[in-house]
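A.B. asks: Input structure: query_8.txt, which contains compact mmCIF, C-alpha atoms.
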# COMPACT_ATOMS: atom_id res chain seq x y z
CA HIS A 152 0.00 0.00 0.00
CA LYS A 153 1.49 3.31 -1.07
CA PHE A 154 0.33 6.90 -0.80
CA ALA A 155 1.87 10.33 -1.17
CA CYS A 156 2.36 12.55 1.87
CA ARG A 157 0.66 15.86 1.23
CA HIS A 158 3.39 17.83 3.00
CA CYS A 159 6.28 16.67 0.81
CA GLU A 160 7.14 14.73 -2.29
CA ASP A 161 8.28 11.61 -0.44
CA ASP A 162 6.25 8.44 -0.31
CA MET A 163 5.66 6.22 2.68
CA VAL A 164 5.41 2.51 2.06
CA ARG A 165 3.55 0.00 4.21
CA PRO A 166 4.22 -3.32 2.45
CA ASP A 167 2.35 -5.24 5.13
CA LEU A 168 -0.99 -3.50 4.41
CA PRO A 169 -3.52 -4.73 1.85
CA ALA A 170 -4.20 -2.56 -1.19
CA ASP A 171 -7.61 -1.47 0.10
CA ALA A 172 -6.36 -0.51 3.58
CA ASN A 173 -7.71 2.80 4.84
CA ASP A 174 -4.88 3.98 7.12
CA LYS A 175 -5.79 7.66 7.37
CA SER A 176 -3.62 8.29 10.43
CA LEU A 177 -0.48 8.08 8.31
CA ALA A 178 -1.94 10.20 5.52
CA THR A 179 -2.57 13.10 7.90
CA THR A 180 -0.27 15.25 10.00
CA ASP A 181 -0.60 12.84 12.93
CA VAL A 182 2.61 11.11 11.94
CA HIS A 183 4.38 14.46 11.49
CA ALA A 184 3.29 15.51 14.98
CA ARG A 185 4.42 12.15 16.30
CA VAL A 186 7.91 12.67 14.85
CA ALA A 187 8.19 16.19 16.31
CA VAL A 188 7.01 15.13 19.77
CA SER A 189 9.27 12.10 19.73
CA LYS A 190 12.35 14.19 18.93
CA TYR A 191 11.80 17.40 20.85
CA LEU A 192 9.77 16.10 23.79
CA ASP A 193 10.88 12.48 24.12
CA HIS A 194 14.46 13.11 22.93
CA ASN A 195 14.47 10.47 20.17
CA PRO A 196 16.83 11.47 17.31
CA LEU A 197 15.54 11.02 13.79
CA TYR A 198 17.87 8.09 13.04
CA ARG A 199 16.27 6.17 15.92
CA GLN A 200 12.81 7.04 14.69
CA GLU A 201 13.79 5.81 11.24
CA ALA A 202 14.63 2.44 12.81
CA ILE A 203 11.39 2.42 14.83
CA PHE A 204 9.28 3.10 11.73
CA SER A 205 11.19 0.38 9.90
CA ARG A 206 10.23 -2.17 12.57
CA GLU A 207 6.62 -1.14 12.06
CA GLY A 208 6.97 -1.81 8.32
CA ILE A 209 7.08 1.88 7.35
CA ILE A 210 9.95 2.96 5.11
CA LEU A 211 10.79 6.53 6.09
CA LYS A 212 14.21 8.01 5.49
CA ARG A 213 15.86 10.33 7.93
CA GLN A 214 16.05 13.03 5.25
CA THR A 215 12.28 12.85 4.84
CA LEU A 216 11.70 13.27 8.57
CA CYS A 217 14.13 16.19 8.68
CA GLY A 218 12.37 17.81 5.74
CA TRP A 219 9.03 17.54 7.53
CA MET A 220 10.41 19.22 10.64
CA THR A 221 11.99 22.06 8.65
CA ARG A 222 8.85 22.79 6.63
CA HIS A 223 6.55 22.64 9.63
CA ALA A 224 8.85 24.87 11.68
CA HIS A 225 8.70 27.45 8.88
CA ASN A 226 4.90 27.30 8.89
CA LEU A 227 4.65 27.42 12.69
CA GLN A 228 7.09 30.30 13.15
CA PRO A 229 4.28 32.96 13.14
CA ILE A 230 2.72 31.23 16.16
CA VAL A 231 6.00 31.43 18.10
CA ASP A 232 6.38 35.06 16.99
CA GLN A 233 2.94 35.77 18.44
CA MET A 234 3.97 34.11 21.72
CA ALA A 235 7.08 36.30 21.84
CA LYS A 236 4.96 39.39 21.14
CA GLU A 237 2.62 38.56 24.01
CA MET A 238 5.57 37.86 26.28
CA LEU A 239 7.31 41.15 25.51
CA SER A 240 4.11 43.07 26.22
CA GLY A 241 4.09 41.66 29.77
CA ALA A 242 5.79 42.87 32.93
CA PHE A 243 8.21 40.05 33.80
CA ILE A 244 10.52 37.72 31.83
CA GLN A 245 13.16 35.24 32.90
CA SER A 246 16.02 34.26 30.61
CA ASP A 247 18.83 31.72 30.44
CA ASP A 248 20.91 29.98 27.79
CA THR A 249 22.67 26.71 27.07
CA GLY A 250 24.98 25.45 24.36
CA LEU A 251 23.75 23.60 21.27
CA LYS A 252 26.28 22.71 18.58
CA TYR A 253 25.35 22.89 14.91
CA LEU A 254 26.98 21.69 11.70
CA GLU A 255 28.25 24.09 9.07
CA SER A 256 30.05 22.56 6.11
CA PRO A 257 32.95 22.33 5.75
CA GLY A 258 34.49 21.74 9.14
CA PRO A 259 33.56 20.42 12.58
CA ALA A 260 30.47 21.33 14.56
CA ASN A 261 30.26 24.94 15.69
CA GLN A 262 29.13 26.06 19.11
CA GLY A 263 25.69 27.62 19.01
CA TYR A 264 23.38 28.65 21.84
CA MET A 265 19.74 28.18 22.67
CA TRP A 266 18.27 31.08 24.63
CA SER A 267 15.14 30.53 26.68
CA TYR A 268 12.65 33.22 27.70
CA VAL A 269 9.94 32.41 30.24
CA CYS A 270 6.86 34.35 31.29
CA GLY A 271 4.56 32.36 33.53
CA GLN A 272 3.61 29.21 31.62
CA MET A 273 4.78 30.56 28.27
CA VAL A 274 8.25 29.63 27.03
CA VAL A 275 9.95 30.92 23.87
CA TYR A 276 13.32 29.68 22.63
CA ASP A 277 15.66 31.54 20.32
CA PHE A 278 18.66 29.96 18.61
CA ALA A 279 21.83 31.95 17.96
CA THR A 280 25.16 30.98 16.43
CA ASP A 281 27.10 32.62 19.27
CA ARG A 282 26.67 33.86 22.82
CA SER A 283 27.10 37.54 22.05
CA ARG A 284 24.91 40.25 23.52
CA ALA A 285 23.20 40.66 20.15
CA GLY A 286 20.91 37.67 20.82
CA PRO A 287 19.13 38.88 23.98
CA THR A 288 19.40 42.52 22.92
CA GLU A 289 17.49 41.88 19.71
CA PHE A 290 14.89 39.59 21.29
CA LEU A 291 14.20 41.93 24.23
CA SER A 292 13.97 45.04 22.09
CA GLY A 293 10.95 47.02 23.22
CA PHE A 294 10.50 45.15 26.51
CA THR A 295 9.92 47.55 29.42
CA GLY A 296 9.29 45.20 32.34
CA THR A 297 11.62 43.30 34.68
CA LEU A 298 14.18 40.84 33.32
CA GLN A 299 15.48 38.16 35.70
CA VAL A 300 18.78 36.58 34.67
CA ASP A 301 22.08 35.28 36.03
CA GLY A 302 25.26 37.34 36.13
CA TYR A 303 26.12 36.95 32.44
CA ALA A 304 27.33 40.28 31.06
CA GLY A 305 25.67 39.65 27.70
CA TYR A 306 22.42 41.00 29.13
CA ASN A 307 23.99 44.34 30.04
CA GLN A 308 23.39 45.93 26.64
CA ALA A 309 19.73 44.90 26.67
CA VAL A 310 19.36 46.55 30.07
CA GLU A 311 21.30 49.68 29.08
CA LYS A 312 19.59 50.18 25.71
CA GLY A 313 16.08 49.52 26.96
CA SER A 314 13.99 50.83 29.82
CA LEU A 315 13.72 47.50 31.61
CA THR A 316 14.60 46.61 35.19
CA ARG A 317 17.07 43.83 35.99
CA ALA A 318 16.60 41.20 38.68
CA ALA A 319 19.21 38.65 39.74
CA CYS A 320 18.84 35.03 40.82
CA TRP A 321 19.36 33.91 44.41
CA ALA A 322 19.80 30.31 43.28
CA HIS A 323 22.90 31.26 41.28
CA ALA A 324 24.32 33.16 44.25
CA ARG A 325 23.51 30.30 46.63
CA ARG A 326 25.20 27.76 44.35
CA LYS A 327 28.54 29.55 44.64
CA PHE A 328 28.38 29.42 48.43
CA GLU A 329 27.66 25.69 48.20
CA TYR A 330 30.92 25.27 46.30
CA ALA A 331 32.72 27.13 49.09
CA LEU A 332 31.54 24.64 51.74
CA LYS A 333 34.52 22.39 50.97
CA THR A 334 37.09 25.02 51.96
CA GLU A 335 35.33 27.45 54.31
CA GLU A 336 32.62 25.29 55.83
CA ALA A 337 31.70 27.31 58.94
CA MET A 338 31.17 30.69 57.26
CA SER A 339 29.56 29.20 54.15
CA ALA A 340 27.09 27.23 56.29
CA VAL A 341 25.93 30.38 58.07
CA ILE A 342 25.44 32.16 54.75
CA LEU A 343 23.46 29.22 53.34
CA LEU A 344 21.21 29.15 56.41
CA LEU A 345 20.39 32.83 55.95
CA ILE A 346 19.57 32.29 52.27
CA GLN A 347 17.42 29.33 53.29
CA LYS A 348 15.33 31.68 55.40
CA LEU A 349 14.58 33.72 52.28
CA TYR A 350 13.31 30.59 50.56
CA LEU A 351 11.16 29.66 53.55
CA VAL A 352 9.40 33.01 53.20
CA GLU A 353 8.72 32.23 49.52
CA ARG A 354 7.37 28.81 50.46
CA ASP A 355 4.94 30.42 52.89
CA ILE A 356 3.86 32.91 50.22
CA ARG A 357 3.11 30.12 47.73
CA GLY A 358 1.18 28.20 50.36
CA GLN A 359 -1.30 30.99 51.05
CA ASN A 360 -4.93 30.39 50.17
CA PRO A 361 -6.31 32.52 48.62
CA VAL A 362 -3.27 33.39 46.54
CA LEU A 363 -1.61 36.64 47.56
CA THR A 364 -1.68 39.58 45.18
CA PRO A 365 1.65 41.09 44.01
CA GLY A 366 1.11 43.99 46.43
CA GLN A 367 0.55 41.63 49.36
CA ILE A 368 3.66 39.66 48.39
CA VAL A 369 5.74 42.85 48.51
CA VAL A 370 4.48 43.58 52.03
CA VAL A 371 5.42 40.09 53.26
CA ARG A 372 8.86 40.27 51.68
CA LYS A 373 9.59 43.70 53.14
CA ASN A 374 8.54 42.57 56.61
CA ARG A 375 10.24 39.16 56.63
CA SER A 376 12.84 38.92 53.86
CA LEU A 377 14.37 42.39 53.88
CA PRO A 378 15.69 42.09 57.48
CA VAL A 379 17.29 38.75 56.57
CA ILE A 380 18.97 40.31 53.54
CA ALA A 381 20.31 43.15 55.70
CA LYS A 382 21.72 40.63 58.18
CA LEU A 383 23.22 38.59 55.36
CA LYS A 384 24.89 41.65 53.84
CA LYS A 385 26.45 42.57 57.19
CA TYR A 386 27.79 39.05 57.65
CA LEU A 387 29.20 38.94 54.11
CA LEU A 388 31.10 42.16 54.78
CA GLU A 389 32.64 40.54 57.87
CA CYS A 390 33.55 37.39 55.93
CA ARG A 391 35.08 39.46 53.15
CA GLN A 392 37.72 40.70 55.59
CA ALA A 393 38.57 37.18 56.73
CA VAL A 394 38.98 35.27 53.45
CA LEU A 395 41.22 35.52 50.43
CA PRO A 396 39.58 37.23 47.43
CA LYS A 397 40.55 34.34 45.13
CA SER A 398 39.25 31.62 47.46
CA PRO A 399 35.90 29.93 46.62
CA LEU A 400 34.15 31.88 49.38
CA GLY A 401 35.86 35.12 48.39
CA LYS A 402 34.69 34.67 44.78
CA ALA A 403 31.17 33.84 45.96
CA ILE A 404 31.05 36.99 48.09
CA GLU A 405 32.27 39.18 45.24
CA TYR A 406 29.70 37.65 42.89
CA ALA A 407 26.93 38.37 45.41
CA PHE A 408 28.00 41.97 45.92
CA GLY A 409 28.34 42.44 42.16
CA GLN A 410 24.68 41.42 41.85
CA TRP A 411 23.43 42.87 45.14
CA GLU A 412 21.22 45.65 43.78
CA TRP A 413 19.56 43.17 41.43
CA LEU A 414 19.27 40.49 44.12
CA GLU A 415 17.04 42.89 46.05
CA THR A 416 14.78 43.63 43.07
CA TYR A 417 12.35 40.82 43.87
CA ILE A 418 11.62 42.35 47.28
CA HIS A 419 9.94 45.35 45.68
CA ASN A 420 8.11 43.57 42.85
CA GLY A 421 5.57 40.88 43.68
CA LEU A 422 5.62 39.54 40.11
CA VAL A 423 9.32 38.63 40.29
CA ASP A 424 10.47 35.26 41.65
CA ILE A 425 13.30 34.81 44.10
CA ASP A 426 15.28 32.86 41.50
CA ASN A 427 15.52 31.93 37.85
CA ASN A 428 14.81 28.22 38.39
CA SER A 429 11.67 28.17 36.24
CA CYS A 430 13.75 29.23 33.26
CA GLU A 431 16.52 26.79 34.10
CA ARG A 432 13.97 23.97 34.10
CA SER A 433 13.02 24.94 30.55
CA MET A 434 16.57 24.06 29.51
CA ARG A 435 16.30 20.43 30.61
CA LYS A 436 14.65 19.31 27.37
CA VAL A 437 17.42 20.92 25.34
CA ALA A 438 20.14 19.46 27.56
CA ILE A 439 18.70 15.94 27.47
CA GLY A 440 17.93 16.17 23.77
CA ARG A 441 21.45 17.18 22.75
CA LYS A 442 22.87 14.19 24.64
CA ASN A 443 20.94 12.04 22.19
CA TYR A 444 21.17 13.89 18.88
CA MET A 445 24.50 15.59 19.75
CA PHE A 446 24.02 18.64 17.51
CA ALA A 447 21.68 20.38 15.10
CA GLY A 448 22.28 19.43 11.48
CA SER A 449 22.63 23.08 10.45
CA GLU A 450 21.88 26.61 11.60
CA THR A 451 18.39 26.11 10.15
CA GLY A 452 18.10 22.98 12.28
CA GLY A 453 18.81 25.10 15.37
CA HIS A 454 15.99 27.47 14.49
CA THR A 455 13.71 24.51 13.77
CA ALA A 456 14.45 23.12 17.22
CA ALA A 457 13.69 26.52 18.79
CA VAL A 458 10.22 26.57 17.21
CA PHE A 459 9.27 23.08 18.36
CA TYR A 460 10.80 23.48 21.83
CA SER A 461 8.79 26.70 22.28
CA LEU A 462 5.49 25.04 21.44
CA LEU A 463 6.11 21.73 23.22
CA GLU A 464 7.53 23.13 26.45
CA THR A 465 4.59 25.56 26.69
CA CYS A 466 2.19 22.66 26.07
CA SER A 467 3.86 20.68 28.85
CA ARG A 468 3.43 23.55 31.32
CA LEU A 469 -0.21 23.99 30.34
CA GLY A 470 -1.01 20.28 30.58
CA ILE A 471 -1.85 20.04 26.87
CA ASN A 472 -1.53 16.83 24.88
CA ALA A 473 1.36 18.01 22.69
CA GLN A 474 0.79 15.54 19.86
CA GLU A 475 -2.91 16.38 19.62
CA TYR A 476 -2.07 20.09 19.61
CA LEU A 477 0.59 19.85 16.91
CA ALA A 478 -1.49 17.59 14.67
CA ASP A 479 -4.30 20.14 14.80
CA ILE A 480 -2.36 23.35 14.22
CA MET A 481 -0.14 21.83 11.51
CA VAL A 482 -3.30 21.48 9.42
CA ARG A 483 -4.87 24.81 10.32
CA VAL A 484 -1.93 27.20 10.31
CA ASN A 485 -1.75 27.62 6.52
CA THR A 486 -5.38 28.74 6.21
CA HIS A 487 -5.89 30.43 9.58
CA PRO A 488 -6.28 34.25 9.44
CA GLN A 489 -3.10 36.01 10.53
CA SER A 490 -5.19 38.50 12.49
CA ARG A 491 -6.33 35.65 14.75
CA ILE A 492 -3.02 33.80 15.01
CA GLU A 493 -3.21 34.00 18.82
CA GLU A 494 -5.91 31.32 18.65
CA LEU A 495 -3.24 28.82 17.57
CA THR A 496 -0.83 29.49 20.42
CA PRO A 497 -0.96 26.83 23.15
CA HIS A 498 -2.77 29.26 25.46
CA GLY A 499 -5.28 30.28 22.80
CA TRP A 500 -5.80 26.70 21.60
CA LYS A 501 -6.46 25.48 25.13
CA ALA A 502 -8.88 28.31 25.84
CA THR A 503 -10.80 27.56 22.64
CA ARG A 504 -11.03 23.86 23.48
CA GLU A 505 -12.27 24.59 26.99
CA SER A 506 -14.89 26.99 25.63
CA GLU A 507 -16.10 24.34 23.18
CA VAL A 508 -16.42 21.80 25.99
CA GLU A 509 -18.44 24.25 28.09
CA LEU A 510 -20.76 25.04 25.18
CA SER A 511 -21.32 21.37 24.40
CA ALA A 512 -22.06 20.70 28.08
Could you spell out this file's structure in structure tokens?
C.D. replies:
Amino acid sequence: HKFACRHCEDDMVRPDLPADANDKSLATTDVHARVAVSKYLDHNPLYRQEAIFSREGIILKRQTLCGWMTRHAHNLQPIVDQMAKEMLSGAFIQSDDTGLKYLESPGPANQGYMWSYVCGQMVVYDFATDRSRAGPTEFLSGFTGTLQVDGYAGYNQAVEKGSLTRAACWAHARRKFEYALKTEEAMSAVILLLIQKLYLVERDIRGQNPVLTPGQIVVVRKNRSLPVIAKLKKYLLECRQAVLPKSPLGKAIEYAFGQWEWLETYIHNGLVDIDNNSCERSMRKVAIGRKNYMFAGSETGGHTAAVFYSLLETCSRLGINAQEYLADIMVRVNTHPQSRIEELTPHGWKATRESEVELSA
């Protein structure tokens, strides 16, 4: 049984099926969505999927699968652009990056980078061929809210050129004091206990029912967290006089003081988290995926990955069946009005489905 895939010129062959078989699932975008979810959500490289399809009696070449992903990513890019537009119109964004190598002939794999931007349950990835400041500066152009990042200097230009506020991450600062436990255990332990108190306040805030408003969160943080930060700063100044600047603890203290103004930002803004961990979690799929597929096949492959990671990670956070979502929007995106493209974002798609369920009920 043989039929042409409507999204490319390749044919898929199922020699085990009778001539009159009516296997519509393979003739639709279901199989394309399956391939995308398997690679970018389940971390299965295309060469493994080629072998899996072969065991099922389906002859699909790796090049065919790659072509599907590239073409769909091109079609789905406007949806990710809409997500980025909505994100940049908000008041708070977290950002982080991780390495992702890509091939560029001739020569070995080059070091590229996948940047992640998180706003609530929405995640947008952006691939760049280097780690220069141009990546975040271009993406964050026009953003006027608060940006929470680590101490990487590449964000400085985005902060200086724009009218946004910068917030630092207490988890990054804490991690450096954890490293110092091996050499300066007593002082590092005291510092970590004080930072732990800040996290206990955040745990109490999250446990409130009903949920506290941003204004109420600011009040709690000023009453409970700000005195702890003042005590911590005083103790760090004492420790600074007792340790070598190049020691692990000395470096941790200098990092903290270099970020101190930004570490206090979250106290005065109830929308800002104490750390950047939500954004760091968004990097797990990329980190696990690259262990399996090693690198993107090209610069275009990096951008393709960014599109699918954006949609699938957002689906995961919203509790959406990613394969069902992709199979639906892959069909609709080419005919859907651009003026209503927000309906095809994971948030808009979920809201539409929920409204349909309520109407049918």
A.B. asks: Please compute the CA of Asn472 in chain A-CA of Lys501 in chain A distance, one decimal, in Å.
C.D. replies: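 Those two atoms sit 10.0 Å apart.
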A.B. asks: Please determine, counting only C-alpha atoms, which residue among A:Val182, A:Ile209, A:Ala187, A:Ala260 has the shortest atom-to-atom distance to Ser449 in chain A.
C.D. replies: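 Ranking A:Val182, A:Ile209, A:Ala187, A:Ala260 by distance to Ser449 in chain A, first place goes to A:Ala260.
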A.B. asks: Smallest atom-to-atom distance to Met265 in chain A: which of A:Thr295, A:Thr280, A:Thr249, A:Asn360, using all atoms listed in the file?
C.D. replies: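 Counting all atoms listed in the file, the residue closest to Met265 in chain A is A:Thr249.
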A.B. asks: Tell me, as a ChimeraX atom specification, which residues lie within 12 Å of Ala337 in chain A, counting only C-alpha atoms; anything in the same chain fewer than 5 positions away does not count.
C.D. replies: /A:328-329,331-332,342-344,390,400
A.B. asks: Any idea what's packed within 12 Å of Asp479 in chain A, counting only C-alpha atoms, ignoring anything in its chain fewer than 2 positions away? Could you give it as an NGL selection string?
C.D. replies: :A and (179-185 or 227 or 472-477 or 481-485 or 487 or 494-497 or 500-501 or 504)
A.B. asks: Can those selected residues be exported to a file as a short mmCIF file (atom, residue, chain, number, x, y, z; two decimals), in the frame of the given file so that it contains C-alpha atoms?
C.D. replies:
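Output file result-v8.cif follows:
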data_model
loop_
_atom_site.label_atom_id
_atom_site.label_comp_id
_atom_site.auth_asym_id
_atom_site.auth_seq_id
_atom_site.Cartn_x
_atom_site.Cartn_y
_atom_site.Cartn_z
CA THR A 179 -2.57 13.10 7.90
CA THR A 180 -0.27 15.25 10.00
CA ASP A 181 -0.60 12.84 12.93
CA VAL A 182 2.61 11.11 11.94
CA HIS A 183 4.38 14.46 11.49
CA ALA A 184 3.29 15.51 14.98
CA ARG A 185 4.42 12.15 16.30
CA LEU A 227 4.65 27.42 12.69
CA ASN A 472 -1.53 16.83 24.88
CA ALA A 473 1.36 18.01 22.69
CA GLN A 474 0.79 15.54 19.86
CA GLU A 475 -2.91 16.38 19.62
CA TYR A 476 -2.07 20.09 19.61
CA LEU A 477 0.59 19.85 16.91
CA MET A 481 -0.14 21.83 11.51
CA VAL A 482 -3.30 21.48 9.42
CA ARG A 483 -4.87 24.81 10.32
CA VAL A 484 -1.93 27.20 10.31
CA ASN A 485 -1.75 27.62 6.52
CA HIS A 487 -5.89 30.43 9.58
CA GLU A 494 -5.91 31.32 18.65
CA LEU A 495 -3.24 28.82 17.57
CA THR A 496 -0.83 29.49 20.42
CA PRO A 497 -0.96 26.83 23.15
CA TRP A 500 -5.80 26.70 21.60
CA LYS A 501 -6.46 25.48 25.13
CA ARG A 504 -11.03 23.86 23.48
#
A.B. asks: Contacts of range 425-428 of chain A at 12 Å or less, counting only C-alpha atoms, minus same-chain residues fewer than 6 places along, as a PyMOL selection string?
C.D. replies: chain A and resi 243-248+267-271+298-302+318-326+346-354+356-357+368-369+372+376+413-419+434-435
A.B. asks: Could you state the separation of CA of Ala242 in chain A and CA of Thr316 in chain A in Å, given to one decimal place?
C.D. replies: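 Going from CA of Ala242 in chain A over to CA of Thr316 in chain A covers 9.8 Å.
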A.B. asks: In Å, rounded to a single decimal, give me how far CA of Tyr264 in chain A is from CA of Arg199 in chain A.
C.D. replies: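 That distance, rounded to one decimal, is 24.3 Å.
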A.B. asks: For a quick check of understanding, using all atoms listed in the file, which of A:Ser205, A:Asn195, A:Ser467, A:Gln228 has the smallest distance to His454 in chain A?
C.D. replies: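 Smallest separation from His454 in chain A among the options: A:Gln228.
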A.B. asks: From the set A:Ala285, A:Ile492, A:Lys442, A:Gly499, which residue has the shortest atom-to-atom contact distance to Ile471 in chain A, counting only C-alpha atoms?
C.D. replies: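 Under the stated criterion, the closest residue is A:Gly499.
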A.B. asks: If I put a ball of radius 9 Å at (19.6, 23.0, 14.9) in the file's coordinates, which residues poke into it when counting only C-alpha atoms, written as a list in words?
C.D. replies: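 Here the neighbourhood of the point contains Leu251, Lys252, Tyr253, Leu254, Gly263, Phe278, Phe446, Ala447, Gly448, Ser449, Glu450, Thr451, Gly452, Gly453, His454, Thr455, Ala456 and Ala457 of chain A.
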A.B. asks: Give me the residues near Ala393 in chain A as a VMD selection string, where near means some atom within 10 Å (using all atoms listed in the file) and where sequence neighbours in that chain fewer than 6 positions away do not count.
C.D. replies: chain A and resid 338 387 401
A.B. asks: Can you work out which one of A:Ser314, A:Asn374, A:Ser398, A:Gln272 has the shortest atom-to-atom distance to Cys466 in chain A, counting all atoms listed in the file?
C.D. replies: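 Among the listed residues, A:Gln272 lies closest to Cys466 in chain A.
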A.B. asks: So, with all atoms listed in the file as the atoms that count, which of A:Asp424, A:Gln262, A:Ile480, A:Val458 lies closest to Glu493 in chain A?
C.D. replies: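 Closest to Glu493 in chain A, using all atoms listed in the file: A:Ile480.
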A.B. asks: Please report, as JSON, the centre and edge lengths in Å to one decimal of an axis-aligned box covering all listed atoms of range 441-444 of chain A with 6 Å per side.
C.D. replies:
{"center_x": 21.9, "center_y": 14.6, "center_z": 21.8, "size_x": 13.9, "size_y": 17.1, "size_z": 17.8}
